$ cat model.cif   # mmCIF, C-alpha atoms
data_upload
#
loop_
_atom_site.group_PDB
_atom_site.id
_atom_site.type_symbol
_atom_site.label_atom_id
_atom_site.label_comp_id
_atom_site.auth_asym_id
_atom_site.auth_seq_id
_atom_site.Cartn_x
_atom_site.Cartn_y
_atom_site.Cartn_z
ATOM 1 C CA LYS A 2 0.000 0.000 0.000
ATOM 2 C CA GLU A 3 1.010 3.623 -0.497
ATOM 3 C CA LYS A 4 2.850 5.245 2.425
ATOM 4 C CA ASP A 5 1.572 8.834 2.376
ATOM 5 C CA TYR A 6 -1.589 9.558 0.424
ATOM 6 C CA PHE A 7 -4.842 11.394 0.063
ATOM 7 C CA LEU A 8 -7.835 9.177 -0.630
ATOM 8 C CA TYR A 9 -10.929 9.453 -2.806
ATOM 9 C CA VAL A 10 -13.603 6.738 -2.677
ATOM 10 C CA GLY A 11 -16.572 6.643 -5.034
ATOM 11 C CA ASN A 12 -17.562 6.810 -8.654
ATOM 12 C CA ALA A 13 -15.965 9.091 -11.214
ATOM 13 C CA TYR A 14 -19.046 10.750 -12.690
ATOM 14 C CA PRO A 15 -18.397 14.323 -13.846
ATOM 15 C CA HIS A 16 -20.209 15.944 -10.874
ATOM 16 C CA LYS A 17 -17.712 14.221 -8.563
ATOM 17 C CA ASN A 18 -15.183 16.814 -9.791
ATOM 18 C CA LEU A 19 -12.219 14.430 -10.042
ATOM 19 C CA ASP A 20 -10.598 16.317 -12.913
ATOM 20 C CA ARG A 21 -10.250 19.354 -10.650
ATOM 21 C CA LEU A 22 -9.049 17.133 -7.773
ATOM 22 C CA ILE A 23 -6.336 15.685 -10.018
ATOM 23 C CA ASP A 24 -5.306 19.186 -11.123
ATOM 24 C CA ALA A 25 -5.138 20.369 -7.497
ATOM 25 C CA PHE A 26 -3.146 17.303 -6.457
ATOM 26 C CA THR A 27 -0.743 17.691 -9.383
ATOM 27 C CA ALA A 28 -0.115 21.272 -8.242
ATOM 28 C CA LEU A 29 1.364 19.856 -5.007
ATOM 29 C CA ASN A 30 4.768 19.326 -6.604
ATOM 30 C CA GLY A 31 6.648 20.112 -3.396
ATOM 31 C CA VAL A 32 5.694 16.780 -1.791
ATOM 32 C CA PRO A 33 7.178 14.110 -4.097
ATOM 33 C CA ASP A 34 6.325 11.070 -1.930
ATOM 34 C CA LEU A 35 2.661 12.014 -1.595
ATOM 35 C CA SER A 36 0.133 9.993 -3.624
ATOM 36 C CA LEU A 37 -3.526 10.303 -4.512
ATOM 37 C CA VAL A 38 -5.374 6.987 -4.274
ATOM 38 C CA LEU A 39 -8.716 6.751 -6.071
ATOM 39 C CA ILE A 40 -10.913 3.765 -5.216
ATOM 40 C CA GLY A 41 -13.939 2.931 -7.332
ATOM 41 C CA LYS A 42 -15.444 0.604 -9.890
ATOM 42 C CA ASP A 43 -13.946 0.189 -13.332
ATOM 43 C CA ASP A 44 -16.184 2.032 -15.794
ATOM 44 C CA PHE A 45 -16.012 4.533 -18.652
ATOM 45 C CA PHE A 46 -15.285 7.495 -16.369
ATOM 46 C CA TYR A 47 -12.488 5.778 -14.446
ATOM 47 C CA ARG A 48 -10.925 4.490 -17.668
ATOM 48 C CA ARG A 49 -10.919 8.072 -18.986
ATOM 49 C CA LEU A 50 -9.225 9.319 -15.801
ATOM 50 C CA ARG A 51 -6.637 6.517 -15.871
ATOM 51 C CA GLN A 52 -5.807 7.420 -19.467
ATOM 52 C CA ARG A 53 -5.413 11.067 -18.486
ATOM 53 C CA CYS A 54 -3.123 10.164 -15.555
ATOM 54 C CA ARG A 55 -1.075 7.405 -17.190
ATOM 55 C CA GLN A 56 2.120 9.506 -16.988
ATOM 56 C CA ASN A 57 1.679 10.375 -13.296
ATOM 57 C CA SER A 58 2.884 7.578 -11.007
ATOM 58 C CA ARG A 59 1.705 9.529 -7.932
ATOM 59 C CA ILE A 60 -1.948 8.958 -8.887
ATOM 60 C CA VAL A 61 -2.967 5.391 -8.049
ATOM 61 C CA PHE A 62 -6.195 3.708 -9.123
ATOM 62 C CA LYS A 63 -7.601 0.802 -7.102
ATOM 63 C CA MET A 64 -10.691 -0.811 -8.514
ATOM 64 C CA GLN A 65 -13.136 -2.791 -6.399
ATOM 65 C CA VAL A 66 -11.214 -3.286 -3.162
ATOM 66 C CA SER A 67 -12.563 -5.476 -0.355
ATOM 67 C CA ASP A 68 -14.287 -3.917 2.653
ATOM 68 C CA GLN A 69 -11.324 -4.906 4.821
ATOM 69 C CA ASP A 70 -8.839 -3.248 2.447
ATOM 70 C CA LEU A 71 -11.065 -0.160 2.203
ATOM 71 C CA SER A 72 -11.014 0.235 5.997
ATOM 72 C CA CYS A 73 -7.232 -0.045 5.884
ATOM 73 C CA TYR A 74 -7.024 2.655 3.202
ATOM 74 C CA TYR A 75 -9.187 4.968 5.323
ATOM 75 C CA ARG A 76 -7.153 4.354 8.481
ATOM 76 C CA HIS A 77 -3.817 5.105 6.823
ATOM 77 C CA ALA A 78 -4.784 8.032 4.576
ATOM 78 C CA ARG A 79 -3.657 11.552 5.303
ATOM 79 C CA ALA A 80 -7.296 12.518 4.565
ATOM 80 C CA LEU A 81 -10.325 11.588 2.491
ATOM 81 C CA VAL A 82 -11.012 14.226 -0.169
ATOM 82 C CA MET A 83 -14.615 14.792 -1.300
ATOM 83 C CA PRO A 84 -14.435 17.316 -4.189
ATOM 84 C CA SER A 85 -18.050 16.857 -5.358
ATOM 85 C CA LEU A 86 -19.962 19.699 -6.949
ATOM 86 C CA MET A 87 -23.204 18.128 -5.689
ATOM 87 C CA GLU A 88 -24.211 15.171 -3.538
ATOM 88 C CA GLY A 89 -27.516 13.703 -2.536
ATOM 89 C CA PHE A 90 -26.151 12.045 0.584
ATOM 90 C CA GLY A 91 -22.549 11.030 1.026
ATOM 91 C CA LEU A 92 -21.794 7.879 2.973
ATOM 92 C CA THR A 93 -18.096 8.105 2.172
ATOM 93 C CA PRO A 94 -17.294 10.878 4.678
ATOM 94 C CA LEU A 95 -19.158 8.935 7.372
ATOM 95 C CA GLU A 96 -17.116 5.813 6.575
ATOM 96 C CA ALA A 97 -13.956 7.911 6.787
ATOM 97 C CA MET A 98 -14.904 9.394 10.145
ATOM 98 C CA VAL A 99 -15.759 5.956 11.569
ATOM 99 C CA ASN A 100 -12.232 4.908 10.563
ATOM 100 C CA ARG A 101 -10.725 8.065 12.132
ATOM 101 C CA CYS A 102 -9.729 9.461 8.748
ATOM 102 C CA PRO A 103 -9.769 13.274 8.454
ATOM 103 C CA VAL A 104 -12.157 14.638 5.810
ATOM 104 C CA LEU A 105 -11.516 17.442 3.316
ATOM 105 C CA ALA A 106 -14.835 18.266 1.681
ATOM 106 C CA SER A 107 -16.476 20.563 -0.819
ATOM 107 C CA ASP A 108 -18.286 23.424 0.794
ATOM 108 C CA ILE A 109 -21.721 22.302 -0.415
ATOM 109 C CA PRO A 110 -24.896 21.998 1.691
ATOM 110 C CA SER A 111 -25.194 18.199 1.734
ATOM 111 C CA LEU A 112 -21.587 17.652 2.853
ATOM 112 C CA ARG A 113 -21.904 20.405 5.488
ATOM 113 C CA GLU A 114 -25.015 18.639 6.787
ATOM 114 C CA ILE A 115 -23.251 15.273 6.953
ATOM 115 C CA CYS A 116 -19.870 16.405 8.319
ATOM 116 C CA ASP A 117 -20.877 19.506 10.281
ATOM 117 C CA ASN A 118 -17.702 20.773 11.970
ATOM 118 C CA ALA A 119 -15.804 17.470 11.587
ATOM 119 C CA ALA A 120 -14.370 18.369 8.156
ATOM 120 C CA VAL A 121 -12.185 21.013 6.566
ATOM 121 C CA TYR A 122 -14.073 22.639 3.686
ATOM 122 C CA PHE A 123 -12.910 24.086 0.376
ATOM 123 C CA ASN A 124 -14.477 25.718 -2.668
ATOM 124 C CA PRO A 125 -14.933 22.845 -5.171
ATOM 125 C CA MET A 126 -14.708 25.267 -8.101
ATOM 126 C CA GLU A 127 -11.220 26.472 -7.079
ATOM 127 C CA GLY A 128 -8.392 23.973 -7.478
ATOM 128 C CA ALA A 129 -6.053 26.331 -5.593
ATOM 129 C CA ASP A 130 -8.400 26.388 -2.603
ATOM 130 C CA MET A 131 -8.527 22.593 -2.690
ATOM 131 C CA SER A 132 -4.735 22.202 -2.753
ATOM 132 C CA ASP A 133 -4.290 24.831 -0.017
ATOM 133 C CA ARG A 134 -6.126 22.603 2.440
#
$ encode --input "model.cif" --output "structure tokens"
Amino acid sequence: KEKDYFLYVGNAYPHKNLDRLIDAFTALNGVPDLSLVLIGKDDFFYRRLRQRCRQNSRIVFKMQVSDQDLSCYYRHARALVMPSLMEGFGLTPLEAMVNRCPVLASDIPSLREICDNAAVYFNPMEGADMSDR
């Protein structure tokens, strides 16, 4: 497993804002041993992202991990990042908190309702704000 990483768990639909997350992570050039681990299900959107990131060894894709491995990823991550532009209800931040994983989340109403003051929030439209967190 990766040693020092940020974690994203979920699908890669466009409203999940992963392109901006990848841009913000790539801007963190000053931390060469830091990785971004994306966990999801292999589909069109993840294949597109993997193609985009094929030259960046710091971005790691894990498809369909077991529940036990997922808990391990949460427990060892620097933080879960939720860059979504919109969410109905997000179970992922709750899973992270249960596993004592810090949460960095988009400043959108549904994530504020779920995480309250247990997360650090950023503007999901601003990659610089995301990477500053």
$ residues_around --input "model.cif" --residues "A:Pro84" --least-positions-apart "6" --cutoff "6 Å" --atoms "only C-alpha atoms" --output "list in words"
Asn18, Ala106, Ser107 and Pro125 of chain A
$ resolve_selection --input "model.cif" --expression "the PyMOL selection byres ((chain A and resi 132) around 7)" --output "list in words"
Ala25, Phe26, Leu29, Gly128, Ala129, Asp130, Met131, Asp133 and Arg134 of chain A
$ residues_around --input "model.cif" --residues "stretch 58-71 of chain A" --least-positions-apart "6" --cutoff "12 Å" --atoms "only C-alpha atoms" --output "NGL selection string"
:A and (2-13 or 19 or 22-30 or 32-44 or 47-52 or 77-78 or 81 or 93 or 96-97 or 100 or 102)
$ closest_residue --input "model.cif" --among "A:Cys73, A:Ala119, A:Leu105, A:Cys54" --to "A:Ser85" --atoms "only C-alpha atoms"
A:Leu105
$ closest_residue --input "model.cif" --among "A:Met87, A:Tyr74, A:Arg55, A:Phe45" --to "A:Met126" --atoms "all atoms listed in the file"
A:Met87
$ resolve_selection --input "model.cif" --expression "the PyMOL selection byres ((chain A and resi 90) around 8)" --output "ChimeraX atom specification"
/A:88-89,91-92,111-112,115
$ closest_residue --input "model.cif" --among "A:Ala80, A:Pro15, A:Asn57, A:Asn124" --to "A:Pro110" --atoms "all atoms listed in the file"
A:Asn124
$ axis_aligned_box --input "model.cif" --around "stretch 81-88 of chain A" --padding-each-side "3 Å" --output "JSON"
{"center_x": -17.3, "center_y": 15.6, "center_z": -2.2, "size_x": 19.9, "size_y": 14.1, "size_z": 15.4}
$ atom_distance --input "model.cif" --atom1 "atom CA of A:Arg76" --atom2 "atom CA of A:Gln56"
27.6 Å
$ closest_residue --input "model.cif" --among "A:Leu95, A:Arg21, A:Tyr75, A:His16" --to "A:Asp117" --atoms "all atoms listed in the file"
A:Leu95
$ atom_distance --input "model.cif" --atom1 "atom CA of A:Asn118" --atom2 "atom CA of A:Gly31"
28.8 Å
$ atom_distance --input "model.cif" --atom1 "atom CA of A:Tyr14" --atom2 "atom CA of A:Leu86"
10.7 Å
$ decode --input "model.cif" --residues "stretch 49-66 of chain A" --atoms "N, CA, C and O atoms" --output "PDB file, in the first residue's frame"
ATOM      1  N   ARG A  49     -11.311   6.766 -18.450  1.00  0.00           N
ATOM      2  CA  ARG A  49     -10.919   8.072 -18.986  1.00  0.00           C
ATOM      3  C   ARG A  49      -9.906   8.748 -18.063  1.00  0.00           C
ATOM      4  O   ARG A  49      -8.891   9.285 -18.510  1.00  0.00           O
ATOM      5  N   LEU A  50     -10.159   8.715 -16.759  1.00  0.00           N
ATOM      6  CA  LEU A  50      -9.225   9.319 -15.801  1.00  0.00           C
ATOM      7  C   LEU A  50      -7.872   8.597 -15.798  1.00  0.00           C
ATOM      8  O   LEU A  50      -6.821   9.237 -15.749  1.00  0.00           O
ATOM      9  N   ARG A  51      -7.908   7.266 -15.843  1.00  0.00           N
ATOM     10  CA  ARG A  51      -6.637   6.517 -15.871  1.00  0.00           C
ATOM     11  C   ARG A  51      -5.834   6.873 -17.109  1.00  0.00           C
ATOM     12  O   ARG A  51      -4.611   7.014 -17.045  1.00  0.00           O
ATOM     13  N   GLN A  52      -6.497   7.030 -18.229  1.00  0.00           N
ATOM     14  CA  GLN A  52      -5.807   7.420 -19.467  1.00  0.00           C
ATOM     15  C   GLN A  52      -5.180   8.802 -19.299  1.00  0.00           C
ATOM     16  O   GLN A  52      -4.030   9.020 -19.670  1.00  0.00           O
ATOM     17  N   ARG A  53      -5.927   9.711 -18.706  1.00  0.00           N
ATOM     18  CA  ARG A  53      -5.413  11.067 -18.486  1.00  0.00           C
ATOM     19  C   ARG A  53      -4.191  11.059 -17.566  1.00  0.00           C
ATOM     20  O   ARG A  53      -3.280  11.863 -17.736  1.00  0.00           O
ATOM     21  N   CYS A  54      -4.168  10.170 -16.591  1.00  0.00           N
ATOM     22  CA  CYS A  54      -3.123  10.164 -15.555  1.00  0.00           C
ATOM     23  C   CYS A  54      -2.036   9.129 -15.799  1.00  0.00           C
ATOM     24  O   CYS A  54      -1.200   8.901 -14.920  1.00  0.00           O
ATOM     25  N   ARG A  55      -2.006   8.521 -16.944  1.00  0.00           N
ATOM     26  CA  ARG A  55      -1.075   7.405 -17.190  1.00  0.00           C
ATOM     27  C   ARG A  55       0.392   7.788 -17.010  1.00  0.00           C
ATOM     28  O   ARG A  55       1.215   6.948 -16.700  1.00  0.00           O
ATOM     29  N   GLN A  56       0.737   9.057 -17.149  1.00  0.00           N
ATOM     30  CA  GLN A  56       2.120   9.506 -16.988  1.00  0.00           C
ATOM     31  C   GLN A  56       2.452   9.902 -15.555  1.00  0.00           C
ATOM     32  O   GLN A  56       3.601  10.210 -15.249  1.00  0.00           O
ATOM     33  N   ASN A  57       1.459   9.904 -14.659  1.00  0.00           N
ATOM     34  CA  ASN A  57       1.679  10.375 -13.296  1.00  0.00           C
ATOM     35  C   ASN A  57       1.640   9.188 -12.324  1.00  0.00           C
ATOM     36  O   ASN A  57       0.578   8.706 -11.962  1.00  0.00           O
ATOM     37  N   SER A  58       2.804   8.741 -11.889  1.00  0.00           N
ATOM     38  CA  SER A  58       2.884   7.578 -11.007  1.00  0.00           C
ATOM     39  C   SER A  58       2.412   7.879  -9.586  1.00  0.00           C
ATOM     40  O   SER A  58       2.225   6.969  -8.788  1.00  0.00           O
ATOM     41  N   ARG A  59       2.178   9.158  -9.267  1.00  0.00           N
ATOM     42  CA  ARG A  59       1.705   9.529  -7.932  1.00  0.00           C
ATOM     43  C   ARG A  59       0.183   9.397  -7.803  1.00  0.00           C
ATOM     44  O   ARG A  59      -0.353   9.514  -6.708  1.00  0.00           O
ATOM     45  N   ILE A  60      -0.500   9.153  -8.910  1.00  0.00           N
ATOM     46  CA  ILE A  60      -1.948   8.958  -8.887  1.00  0.00           C
ATOM     47  C   ILE A  60      -2.207   7.473  -9.106  1.00  0.00           C
ATOM     48  O   ILE A  60      -1.856   6.909 -10.135  1.00  0.00           O
ATOM     49  N   VAL A  61      -2.811   6.845  -8.092  1.00  0.00           N
ATOM     50  CA  VAL A  61      -2.967   5.391  -8.049  1.00  0.00           C
ATOM     51  C   VAL A  61      -4.453   5.047  -8.099  1.00  0.00           C
ATOM     52  O   VAL A  61      -5.246   5.586  -7.320  1.00  0.00           O
ATOM     53  N   PHE A  62      -4.810   4.150  -8.991  1.00  0.00           N
ATOM     54  CA  PHE A  62      -6.195   3.708  -9.123  1.00  0.00           C
ATOM     55  C   PHE A  62      -6.325   2.298  -8.565  1.00  0.00           C
ATOM     56  O   PHE A  62      -5.564   1.412  -8.930  1.00  0.00           O
ATOM     57  N   LYS A  63      -7.292   2.114  -7.678  1.00  0.00           N
ATOM     58  CA  LYS A  63      -7.601   0.802  -7.102  1.00  0.00           C
ATOM     59  C   LYS A  63      -9.072   0.531  -7.394  1.00  0.00           C
ATOM     60  O   LYS A  63      -9.944   1.271  -6.947  1.00  0.00           O
ATOM     61  N   MET A  64      -9.324  -0.509  -8.146  1.00  0.00           N
ATOM     62  CA  MET A  64     -10.691  -0.811  -8.514  1.00  0.00           C
ATOM     63  C   MET A  64     -11.219  -1.980  -7.682  1.00  0.00           C
ATOM     64  O   MET A  64     -10.547  -2.991  -7.532  1.00  0.00           O
ATOM     65  N   GLN A  65     -12.386  -1.776  -7.115  1.00  0.00           N
ATOM     66  CA  GLN A  65     -13.136  -2.791  -6.399  1.00  0.00           C
ATOM     67  C   GLN A  65     -12.316  -3.475  -5.303  1.00  0.00           C
ATOM     68  O   GLN A  65     -12.046  -4.665  -5.353  1.00  0.00           O
ATOM     69  N   VAL A  66     -11.950  -2.730  -4.297  1.00  0.00           N
ATOM     70  CA  VAL A  66     -11.214  -3.286  -3.162  1.00  0.00           C
ATOM     71  C   VAL A  66     -12.197  -3.909  -2.168  1.00  0.00           C
ATOM     72  O   VAL A  66     -13.378  -3.555  -2.137  1.00  0.00           O
TER      73      VAL A  66
END
